[in-house]
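Q: This one is run01.cif, mmCIF, C-alpha atoms.
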data_target
loop_
_atom_site.label_atom_id
_atom_site.label_comp_id
_atom_site.auth_asym_id
_atom_site.auth_seq_id
_atom_site.Cartn_x
_atom_site.Cartn_y
_atom_site.Cartn_z
CA MET A 1 25.09 33.32 -82.14
CA LEU A 2 23.81 34.82 -78.92
CA GLN A 3 22.27 32.70 -76.23
CA LEU A 4 19.52 34.63 -74.46
CA PRO A 5 18.12 33.68 -71.06
CA CYS A 6 14.34 33.82 -71.56
CA PRO A 7 12.97 34.79 -68.12
CA TYR A 8 10.26 32.14 -68.53
CA CYS A 9 11.83 29.25 -70.51
CA GLY A 10 15.52 29.55 -69.64
CA PRO A 11 18.52 29.93 -71.95
CA ARG A 12 17.83 29.42 -75.65
CA ASP A 13 19.54 30.19 -78.94
CA GLU A 14 19.08 33.58 -80.55
CA LEU A 15 17.29 31.88 -83.49
CA GLU A 16 14.23 31.40 -81.29
CA PHE A 17 13.94 35.13 -80.53
CA SER A 18 13.06 38.26 -82.39
CA CYS A 19 14.50 41.60 -81.36
CA GLY A 20 12.06 44.45 -80.79
CA GLY A 21 14.63 47.23 -80.72
CA GLU A 22 15.11 49.91 -78.10
CA ALA A 23 13.21 49.52 -74.83
CA HIS A 24 11.55 52.16 -72.63
CA ILE A 25 10.09 54.38 -75.32
CA SER A 26 6.93 55.92 -73.89
CA ARG A 27 4.12 56.90 -76.25
CA PRO A 28 2.83 60.43 -75.72
CA LEU A 29 -0.82 60.56 -74.65
CA ALA A 30 -3.35 61.12 -77.45
CA HIS A 31 -4.07 64.66 -76.19
CA ASN A 32 -0.69 66.26 -75.88
CA LYS A 33 0.79 69.60 -76.75
CA ILE A 34 4.19 68.51 -78.05
CA SER A 35 5.51 69.77 -81.37
CA ASP A 36 5.70 67.69 -84.52
CA ALA A 37 9.48 67.68 -84.14
CA ASP A 38 9.18 66.24 -80.62
CA PHE A 39 6.66 63.64 -81.81
CA GLY A 40 8.99 62.78 -84.68
CA GLU A 41 11.76 62.15 -82.14
CA TYR A 42 9.51 59.68 -80.33
CA LEU A 43 8.42 58.02 -83.54
CA PHE A 44 11.60 57.80 -85.56
CA LEU A 45 14.71 58.36 -83.47
CA ARG A 46 16.32 55.20 -82.10
CA ASP A 47 19.55 54.87 -80.18
CA ASN A 48 22.40 52.76 -81.51
CA PRO A 49 24.96 53.03 -78.74
CA LYS A 50 28.39 51.45 -78.56
CA GLY A 51 28.15 49.81 -75.16
CA VAL A 52 25.25 49.05 -72.84
CA PHE A 53 21.86 49.07 -74.57
CA LEU A 54 18.37 48.35 -73.24
CA GLU A 55 16.44 46.22 -75.73
CA ARG A 56 13.11 44.46 -76.02
CA TRP A 57 13.14 40.83 -77.15
CA ARG A 58 10.40 38.30 -77.81
CA HIS A 59 10.75 34.55 -77.45
CA ALA A 60 9.01 34.06 -80.79
CA SER A 61 9.46 30.30 -81.18
CA GLY A 62 9.06 29.57 -77.50
CA CYS A 63 6.68 31.07 -74.96
CA ARG A 64 6.01 34.09 -77.23
CA ARG A 65 6.47 36.51 -74.31
CA TRP A 66 8.16 39.91 -74.53
CA PHE A 67 10.90 40.87 -72.08
CA ASN A 68 13.70 43.41 -71.69
CA VAL A 69 17.41 42.74 -72.01
CA VAL A 70 20.44 44.80 -70.96
CA ARG A 71 23.04 43.97 -73.58
CA ASP A 72 26.54 45.25 -74.22
CA THR A 73 26.76 45.85 -77.97
CA VAL A 74 30.56 45.63 -77.89
CA SER A 75 31.12 42.42 -75.94
CA HIS A 76 27.61 40.94 -76.59
CA ASP A 77 27.38 40.22 -72.86
CA ILE A 78 23.82 39.87 -71.59
CA LEU A 79 23.97 41.85 -68.35
CA GLU A 80 20.37 41.54 -67.16
CA VAL A 81 16.97 40.27 -68.21
CA TYR A 82 13.78 41.71 -66.73
CA ALA A 83 10.05 41.73 -67.32
CA MET A 84 8.12 44.20 -69.46
CA GLY A 85 6.96 47.21 -67.49
CA ARG A 86 9.91 46.96 -65.09
CA LYS A 87 13.09 48.97 -64.96
CA PRO A 88 16.64 47.60 -64.94
CA ARG A 89 18.15 46.82 -61.53
CA SER A 90 21.80 46.20 -62.44
CA SER A 91 24.04 49.23 -62.13
CA ALA A 92 24.96 49.11 -65.84
CA GLY A 93 21.26 48.93 -66.73
CA LYS A 94 20.31 51.74 -64.34
CA ASN A 95 23.01 53.98 -65.78
CA ALA A 96 21.92 53.28 -69.35
CA TYR A 97 18.32 54.03 -68.38
CA ASN A 98 19.04 57.23 -66.47
CA ASN A 99 21.56 58.58 -68.97
CA SER A 100 19.31 58.12 -72.00
CA TRP A 101 18.33 61.39 -73.73
CA ARG A 102 14.73 60.14 -73.68
CA ARG A 103 14.41 60.77 -69.93
CA THR A 104 14.35 64.51 -70.66
CA SER A 105 12.45 64.36 -73.98
CA ALA A 106 9.17 66.21 -74.45
CA ALA A 107 7.56 62.99 -75.72
CA GLU A 108 8.27 61.14 -72.47
CA ALA A 109 7.00 64.06 -70.39
CA ALA A 110 3.80 63.98 -72.47
CA ALA A 111 3.39 60.24 -71.93
CA VAL A 112 1.97 60.58 -68.42
CA ASN A 113 -1.06 62.38 -67.07
CA LYS A 114 -0.02 65.40 -65.11
CA MET B 1 -5.47 26.54 -124.40
CA ALA B 2 -5.44 25.92 -120.68
CA GLN B 3 -2.27 24.48 -119.28
CA ALA B 4 -2.52 20.96 -117.90
CA HIS B 5 -2.19 20.52 -114.13
CA PRO B 6 1.17 19.10 -113.21
CA ASP B 7 1.12 15.47 -112.19
CA ILE B 8 1.22 15.63 -108.37
CA SER B 9 2.58 12.13 -107.83
CA ALA B 10 5.35 12.77 -110.36
CA LEU B 11 6.24 15.96 -108.48
CA GLU B 12 6.32 14.08 -105.20
CA ALA B 13 8.60 11.43 -106.66
CA GLN B 14 10.83 14.16 -107.99
CA ALA B 15 11.00 15.75 -104.55
CA GLY B 16 12.26 12.45 -103.20
CA ARG B 17 9.35 11.73 -100.91
CA LEU B 18 10.41 8.87 -98.71
CA PRO B 19 8.37 5.70 -98.18
CA ASP B 20 6.54 4.92 -94.94
CA GLN B 21 8.96 2.17 -94.07
CA MET B 22 12.74 2.13 -94.21
CA PRO B 23 14.68 -0.83 -92.83
CA HIS B 24 17.82 -0.28 -90.84
CA PRO B 25 20.69 -0.21 -93.35
CA ASP B 26 22.43 -3.06 -91.49
CA GLY B 27 19.23 -5.07 -91.13
CA GLY B 28 17.46 -5.62 -87.85
CA SER B 29 14.62 -3.61 -86.41
CA GLY B 30 14.10 0.07 -87.13
CA GLY B 31 15.43 2.82 -84.94
CA ILE B 32 12.26 4.88 -84.73
CA VAL B 33 8.49 4.48 -85.09
CA PHE B 34 6.28 7.45 -86.01
CA THR B 35 2.61 7.47 -85.04
CA ASP B 36 0.30 10.31 -86.06
CA LEU B 37 -1.88 11.14 -83.03
CA SER B 38 -3.28 14.31 -84.59
CA THR B 39 -6.89 13.35 -83.93
CA CYS B 40 -6.42 13.71 -80.16
CA GLY B 41 -8.29 16.61 -78.57
CA LYS B 42 -6.31 19.77 -77.90
CA LEU B 43 -7.31 22.66 -75.72
CA ASN B 44 -5.37 25.88 -75.28
CA LEU B 45 -5.95 27.25 -71.79
CA ARG B 46 -5.05 30.80 -70.78
CA CYS B 47 -5.49 31.45 -67.08
CA ALA B 48 -3.55 32.41 -63.97
CA SER B 49 -1.60 29.48 -62.53
CA ASP B 50 -3.31 29.86 -59.14
CA VAL B 51 -6.67 28.57 -60.47
CA SER B 52 -5.12 25.09 -60.54
CA SER B 53 -6.97 23.95 -57.40
CA GLN B 54 -10.32 24.99 -58.90
CA ILE B 55 -9.99 22.94 -62.08
CA ILE B 56 -7.81 20.04 -60.97
CA ARG B 57 -10.83 17.76 -60.55
CA PHE B 58 -11.95 18.43 -64.14
CA LEU B 59 -8.52 18.19 -65.67
CA GLY B 60 -7.49 15.15 -63.61
CA ALA B 61 -4.10 16.70 -62.94
CA SER B 62 -2.87 20.03 -61.63
CA LEU B 63 -1.52 22.70 -63.94
CA PRO B 64 2.26 22.31 -64.22
CA ASP B 65 3.81 24.74 -61.75
CA LYS B 66 7.29 24.63 -63.27
CA ALA B 67 8.27 26.07 -66.64
CA ASN B 68 8.90 23.50 -69.41
CA SER B 69 7.08 20.73 -67.61
CA VAL B 70 4.09 18.46 -68.21
CA THR B 71 1.60 16.93 -65.80
CA THR B 72 -0.01 13.64 -66.73
CA SER B 73 -3.22 11.86 -65.86
CA GLY B 74 -3.87 8.71 -67.88
CA GLU B 75 -3.89 9.79 -71.51
CA ARG B 76 -4.15 13.46 -70.57
CA ARG B 77 -1.22 15.80 -70.77
CA ILE B 78 -1.16 19.35 -69.47
CA ILE B 79 1.73 21.14 -71.10
CA TRP B 80 3.28 24.37 -69.85
CA LEU B 81 3.43 26.93 -72.69
CA GLY B 82 3.98 30.14 -70.72
CA PRO B 83 3.44 31.70 -67.29
CA ASP B 84 -0.33 31.83 -67.95
CA GLU B 85 -0.78 29.47 -70.88
CA TYR B 86 -1.22 25.69 -71.09
CA LEU B 87 -2.01 23.11 -73.74
CA VAL B 88 -4.21 20.20 -72.70
CA LEU B 89 -4.08 16.99 -74.73
CA VAL B 90 -7.13 14.77 -74.23
CA LYS B 91 -8.66 11.68 -75.82
CA THR B 92 -10.25 12.23 -79.21
CA GLY B 93 -13.60 13.99 -78.82
CA GLU B 94 -13.23 14.93 -75.14
CA GLU B 95 -12.20 18.52 -75.76
CA ASP B 96 -15.69 19.98 -76.32
CA SER B 97 -17.09 18.91 -72.97
CA LEU B 98 -13.87 19.73 -71.12
CA SER B 99 -13.79 23.20 -72.64
CA SER B 100 -17.32 24.03 -71.48
CA ILE B 101 -16.73 22.53 -68.01
CA ILE B 102 -13.59 24.62 -67.53
CA SER B 103 -15.26 27.75 -68.87
CA SER B 104 -18.11 27.45 -66.39
CA ALA B 105 -15.76 26.59 -63.50
CA LEU B 106 -13.67 29.67 -64.25
CA SER B 107 -16.57 31.94 -65.26
CA SER B 108 -15.69 34.49 -62.57
CA GLN B 109 -12.01 34.58 -63.58
CA HIS B 110 -10.12 36.07 -66.46
CA HIS B 111 -9.49 33.05 -68.68
CA ALA B 112 -9.81 31.62 -72.19
CA ALA B 113 -10.26 27.98 -73.18
CA THR B 114 -9.85 27.56 -76.93
CA ILE B 115 -10.22 24.30 -78.84
CA VAL B 116 -7.20 23.95 -81.13
CA THR B 117 -7.64 20.30 -82.13
CA ASP B 118 -7.57 20.97 -85.87
CA ALA B 119 -4.93 23.69 -85.72
CA LEU B 120 -2.27 21.48 -84.22
CA ALA B 121 -0.88 18.10 -85.21
CA CYS B 122 0.61 15.60 -82.77
CA LEU B 123 3.21 13.03 -83.63
CA GLN B 124 4.47 10.23 -81.39
CA LEU B 125 8.08 9.09 -81.82
CA ASP B 126 9.32 5.87 -80.24
CA GLY B 127 12.55 3.97 -80.54
CA PRO B 128 16.18 3.91 -79.51
CA ALA B 129 17.21 6.44 -82.20
CA VAL B 130 14.67 9.11 -81.25
CA ARG B 131 17.07 11.45 -79.41
CA ASP B 132 19.72 11.18 -82.13
CA VAL B 133 17.19 11.94 -84.86
CA LEU B 134 15.75 14.98 -83.05
CA ALA B 135 19.21 16.29 -82.18
CA LYS B 136 19.95 16.68 -85.89
CA GLY B 137 17.51 19.58 -86.12
CA CYS B 138 17.01 20.85 -82.59
CA ALA B 139 19.42 22.99 -80.56
CA LEU B 140 18.17 21.84 -77.15
CA ASP B 141 20.29 19.54 -75.02
CA LEU B 142 18.43 16.27 -75.60
CA HIS B 143 20.76 14.05 -73.56
CA ASP B 144 18.73 11.55 -71.53
CA THR B 145 20.01 13.02 -68.27
CA LYS B 146 19.03 16.57 -69.29
CA PHE B 147 15.72 16.27 -71.13
CA THR B 148 13.80 13.72 -69.12
CA ALA B 149 10.26 12.35 -68.97
CA GLY B 150 7.79 15.03 -67.91
CA MET B 151 9.71 17.86 -69.56
CA CYS B 152 8.57 19.88 -72.53
CA ALA B 153 9.91 22.74 -74.61
CA GLN B 154 8.69 25.01 -77.34
CA THR B 155 11.54 25.26 -79.77
CA LEU B 156 12.58 24.88 -83.39
CA LEU B 157 13.01 21.59 -85.23
CA ALA B 158 14.65 22.17 -88.60
CA SER B 159 13.33 25.77 -88.47
CA ALA B 160 9.74 24.68 -87.77
CA SER B 161 8.16 25.80 -84.49
CA ILE B 162 7.32 22.75 -82.42
CA THR B 163 6.40 21.78 -78.89
CA LEU B 164 8.48 18.84 -77.79
CA LEU B 165 7.32 16.49 -75.02
CA CYS B 166 9.55 13.91 -73.45
CA GLU B 167 7.45 10.87 -72.55
CA GLY B 168 10.31 8.57 -71.63
CA ASP B 169 13.93 7.67 -72.37
CA SER B 170 13.12 6.76 -75.97
CA SER B 171 9.66 8.23 -76.41
CA PHE B 172 8.73 11.76 -77.49
CA ARG B 173 5.79 13.68 -78.84
CA ILE B 174 5.99 16.57 -81.27
CA ILE B 175 3.16 19.06 -81.53
CA CYS B 176 3.30 21.41 -84.50
CA ARG B 177 0.92 23.35 -86.68
CA THR B 178 -1.14 21.08 -88.93
CA SER B 179 0.20 22.95 -91.95
CA PHE B 180 3.75 22.10 -90.89
CA LEU B 181 3.14 18.37 -90.37
CA ASP B 182 4.02 17.36 -93.95
CA TYR B 183 7.29 19.24 -93.74
CA VAL B 184 8.16 18.00 -90.25
CA MET B 185 7.31 14.42 -91.23
CA ALA B 186 9.38 14.61 -94.42
CA TRP B 187 12.32 16.04 -92.47
CA LEU B 188 12.02 13.38 -89.76
CA LYS B 189 11.92 10.55 -92.29
CA ASP B 190 15.00 11.91 -94.01
CA ALA B 191 16.81 12.32 -90.69
CA ALA B 192 15.80 8.79 -89.60
CA CYS B 193 16.97 7.02 -92.78
CA GLU B 194 20.27 5.96 -91.29
CA TYR B 195 18.54 4.31 -88.31
CA GLY B 196 15.58 2.82 -90.13
CA TYR B 197 11.99 3.90 -89.42
CA TYR B 198 8.39 2.85 -89.66
CA VAL B 199 5.29 5.06 -89.98
CA THR B 200 2.21 3.52 -88.39
CA PRO B 201 -1.30 4.49 -89.49
CA GLN B 202 -3.00 7.42 -87.77
CA SER B 203 -4.48 6.43 -84.43
CA ASN B 204 -6.51 7.87 -81.59
CA ILE B 205 -5.26 8.12 -78.04
#
What does this structure look like when you write it as structure tokens?
A:
Amino acid sequence: MLQLPCPYCGPRDELEFSCGGEAHISRPLAHNKISDADFGEYLFLRDNPKGVFLERWRHASGCRRWFNVVRDTVSHDILEVYAMGRKPRSSAGKNAYNNSWRRTSAAEAAAVNK
Amino acid sequence: MAQAHPDISALEAQAGRLPDQMPHPDGGSGGIVFTDLSTCGKLNLRCASDVSSQIIRFLGASLPDKANSVTTSGERRIIWLGPDEYLVLVKTGEEDSLSSIISSALSSQHHAATIVTDALACLQLDGPAVRDVLAKGCALDLHDTKFTAGMCAQTLLASASITLLCEGDSSFRIICRTSFLDYVMAWLKDAACEYGYYVTPQSNI
């Protein structure tokens, strides 16, 4: 079992948490011009990397807050924990964030007002 | 022909419902006493932690500034639930007036004071066996040097979500959903059999 460090409550067993899957997926604005294929990428495509992965977790049986986790899916090491709305600060987390295919996706470009 | 309702008491006996009193197997006094304090007033407070100074005179104690901690004033307990969420335990019947006082004191702030008296149950556990009994179903480190008076935690007890308050070396409170109380109580009785237990009648604080 994993032990996750909740940024609010401290380290707790994995049983108390629920995993919310991949982090940093931006929703395209309601009025956007992206294709159905690009919207489908946003909606359905999820990464499943071997190595460092950025995930959302919720401390369901504790403080019920969401937070982000940088986790290595091979070693199960928890490399960093940070608040929702923030970006990773560890080098492994930064690399995983910057190297994700989503950074250049049409959906992410359509998620901000330009 | 309509089917007869099953006999509830027979079902309970079949399920092995334990009595309200179980002596210690080796004789002597029981290891744990359960008291149902569910009638106490409960108020869920959502607000920024920095409003503490504005409402301290109504609450009687400041909002806990550390995670997993409780502040106390007489019978009142202010329990940390999250970075902007607290649970206030008050004497039976005090929650209505406290809720409206806090709401008017914080009227200019983003806040919510919700009465949750009937949604949540509160159970007091006293006795030398209390830490051993809880440790059977709770993954937290409950050693008396680690989980000390004034600490609290929202966690799982035998898969049920609970809020655990440490009131002293051998005194705890469990707050759980009212609908979970039967299950939690049945589990606690079963876990306490080897130490002996006693269930006192429901009482107000």
Q: Using all atoms listed in the file, pick whichever of A:Tyr42, A:Phe17, A:Tyr97, A:Trp66 has the shortest atom-to-atom distance to Leu54 (chain A).
A: A:Tyr97
Q: Find the residues near Ala135 (chain B): any atom within 12 Å, counting all atoms listed in the file, skip ones fewer than 5 places away on the same chain, and give them as a PyMOL selection string.
A: chain B and resi 129-130+140-144+147+156-158+164+188+191-192
Q: Which residues match the PyMOL selection byres ((chain A) within 7 of (chain B)) in the file above, as a ChimeraX atom specification?
A: /A:8-9,16,61-63
Q: To one decimal in Å, tell me the separation between CA of Tyr183 (chain B) and CA of Cys138 (chain B).
A: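 CA of Cys138 (chain B) lies 14.9 Å from CA of Tyr183 (chain B).
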Q: Give me, as a ChimeraX atom specification, all polymer residues having an atom no more than 12 Å from Gln54 (chain B), counting all atoms listed in the file and skipping those fewer than 2 positions away in the same chain.
A: /B:47-52,56-63,101-109
Q: With C-alpha atoms kept, could you save the residues just selected as a PDB file, in the frame of the given file?
A:
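That gives us again_21.pdb:
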ATOM      1  CA  CYS B  47      -5.490  31.450 -67.080  1.00  0.00           C
ATOM      2  CA  ALA B  48      -3.550  32.410 -63.970  1.00  0.00           C
ATOM      3  CA  SER B  49      -1.600  29.480 -62.530  1.00  0.00           C
ATOM      4  CA  ASP B  50      -3.310  29.860 -59.140  1.00  0.00           C
ATOM      5  CA  VAL B  51      -6.670  28.570 -60.470  1.00  0.00           C
ATOM      6  CA  SER B  52      -5.120  25.090 -60.540  1.00  0.00           C
ATOM      7  CA  ILE B  56      -7.810  20.040 -60.970  1.00  0.00           C
ATOM      8  CA  ARG B  57     -10.830  17.760 -60.550  1.00  0.00           C
ATOM      9  CA  PHE B  58     -11.950  18.430 -64.140  1.00  0.00           C
ATOM     10  CA  LEU B  59      -8.520  18.190 -65.670  1.00  0.00           C
ATOM     11  CA  GLY B  60      -7.490  15.150 -63.610  1.00  0.00           C
ATOM     12  CA  ALA B  61      -4.100  16.700 -62.940  1.00  0.00           C
ATOM     13  CA  SER B  62      -2.870  20.030 -61.630  1.00  0.00           C
ATOM     14  CA  LEU B  63      -1.520  22.700 -63.940  1.00  0.00           C
ATOM     15  CA  ILE B 101     -16.730  22.530 -68.010  1.00  0.00           C
ATOM     16  CA  ILE B 102     -13.590  24.620 -67.530  1.00  0.00           C
ATOM     17  CA  SER B 103     -15.260  27.750 -68.870  1.00  0.00           C
ATOM     18  CA  SER B 104     -18.110  27.450 -66.390  1.00  0.00           C
ATOM     19  CA  ALA B 105     -15.760  26.590 -63.500  1.00  0.00           C
ATOM     20  CA  LEU B 106     -13.670  29.670 -64.250  1.00  0.00           C
ATOM     21  CA  SER B 107     -16.570  31.940 -65.260  1.00  0.00           C
ATOM     22  CA  SER B 108     -15.690  34.490 -62.570  1.00  0.00           C
ATOM     23  CA  GLN B 109     -12.010  34.580 -63.580  1.00  0.00           C
TER      24      GLN B 109
END
Q: May I ask for the distance between CA of Asp47 (chain A) and CA of Val81 (chain A), given in Å to one decimal place?
A: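 We find that CA of Asp47 (chain A) and CA of Val81 (chain A) lie 19.1 Å from each other.
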Q: Step by step, work through what the PyMOL selection byres ((chain B and resi 201) around 9) selects in the shown file, and finish by giving those residues as a ChimeraX atom specification.
A: /B:34-36,199-200,202-203
Q: Which value, in Å to one decimal, gives the distance between CA of Thr92 (chain B) and CA of Val70 (chain B)?
A: 19.1 Å
Q: Determine, counting all atoms listed in the file, every residue of protein, DNA or RNA that lies within 12 Å of (-5.0, 23.4, -77.7) in the file coordinates, then give the result as a ChimeraX atom specification.
A: /B:38-46,77-81,85-90,95-96,98-99,112-122,163,175-177
Q: Select, from A:Asn68, A:Thr104, A:Val112, A:Asp77, the residue with the minimum atom-to-atom distance to Asp38 (chain A), counting only C-alpha atoms.
A: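 For Asp38 (chain A), the nearest of the given residues is A:Thr104.
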Q: Which of these, A:Ala60, A:Ala23, A:Ala111, A:Val52, has the shortest distance to Ile78 (chain A) once you count all atoms listed in the file?
A: A:Val52
Q: Compute the distance from (29.7, 38.9, -77.2) to each atom, counting all atoms listed in the file, keep the residues with any atom at most 12 Å away, and return them as a ChimeraX atom specification; use the coordinates of the file.
A: /A:1-4,51-52,71-79
Q: Would you kindly translate the PyMOL selection byres ((chain B and resi 170) around 10) into the concrete residues it picks from this file, as a PDB file with C-alpha atoms, keeping the file's coordinate frame?
A:
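Dumped to out06.pdb:
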ATOM      1  CA  ILE B  32      12.260   4.880 -84.730  1.00  0.00           C
ATOM      2  CA  LEU B 125       8.080   9.090 -81.820  1.00  0.00           C
ATOM      3  CA  ASP B 126       9.320   5.870 -80.240  1.00  0.00           C
ATOM      4  CA  GLY B 127      12.550   3.970 -80.540  1.00  0.00           C
ATOM      5  CA  PRO B 128      16.180   3.910 -79.510  1.00  0.00           C
ATOM      6  CA  ALA B 129      17.210   6.440 -82.200  1.00  0.00           C
ATOM      7  CA  VAL B 130      14.670   9.110 -81.250  1.00  0.00           C
ATOM      8  CA  ARG B 131      17.070  11.450 -79.410  1.00  0.00           C
ATOM      9  CA  ASP B 144      18.730  11.550 -71.530  1.00  0.00           C
ATOM     10  CA  THR B 148      13.800  13.720 -69.120  1.00  0.00           C
ATOM     11  CA  ALA B 149      10.260  12.350 -68.970  1.00  0.00           C
ATOM     12  CA  CYS B 166       9.550  13.910 -73.450  1.00  0.00           C
ATOM     13  CA  GLU B 167       7.450  10.870 -72.550  1.00  0.00           C
ATOM     14  CA  GLY B 168      10.310   8.570 -71.630  1.00  0.00           C
ATOM     15  CA  ASP B 169      13.930   7.670 -72.370  1.00  0.00           C
ATOM     16  CA  SER B 171       9.660   8.230 -76.410  1.00  0.00           C
ATOM     17  CA  PHE B 172       8.730  11.760 -77.490  1.00  0.00           C
TER      18      PHE B 172
END
Q: Taking all atoms listed in the file into account, name the residue in A:Ala83, A:Ser91, A:Glu22, A:Cys6 that is nearest to Asn48 (chain A).
A: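 Among A:Ala83, A:Ser91, A:Glu22, A:Cys6, it is A:Glu22 that comes nearest to Asn48 (chain A).
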Q: Which polymer residues have any atom within 10 Å of an atom of Pro25 (chain B), counting only C-alpha atoms, with same-chain residues fewer than 5 positions away left out, as a count of residues only?
A: 5
Q: Point out the residue among A:Glu41, A:Ser35, A:Asp13, A:Pro49 with the least atom-to-atom distance to Ser100 (chain A), counting all atoms listed in the file.
A: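 Distance minimum relative to Ser100 (chain A) lands on A:Pro49.
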Q: Write out as a PyMOL selection string each polymer residue whose atoms come within 7 Å of Val69 (chain A), counting only C-alpha atoms; drop sequence neighbours fewer than 3 positions from it.
A: chain A and resi 54-57+80-82
Q: Could you pull the residues within 10 Å of Asn113 (chain A), counting all atoms listed in the file, minus those fewer than 5 positions along the same chain, as a count of residues only?
A: 4
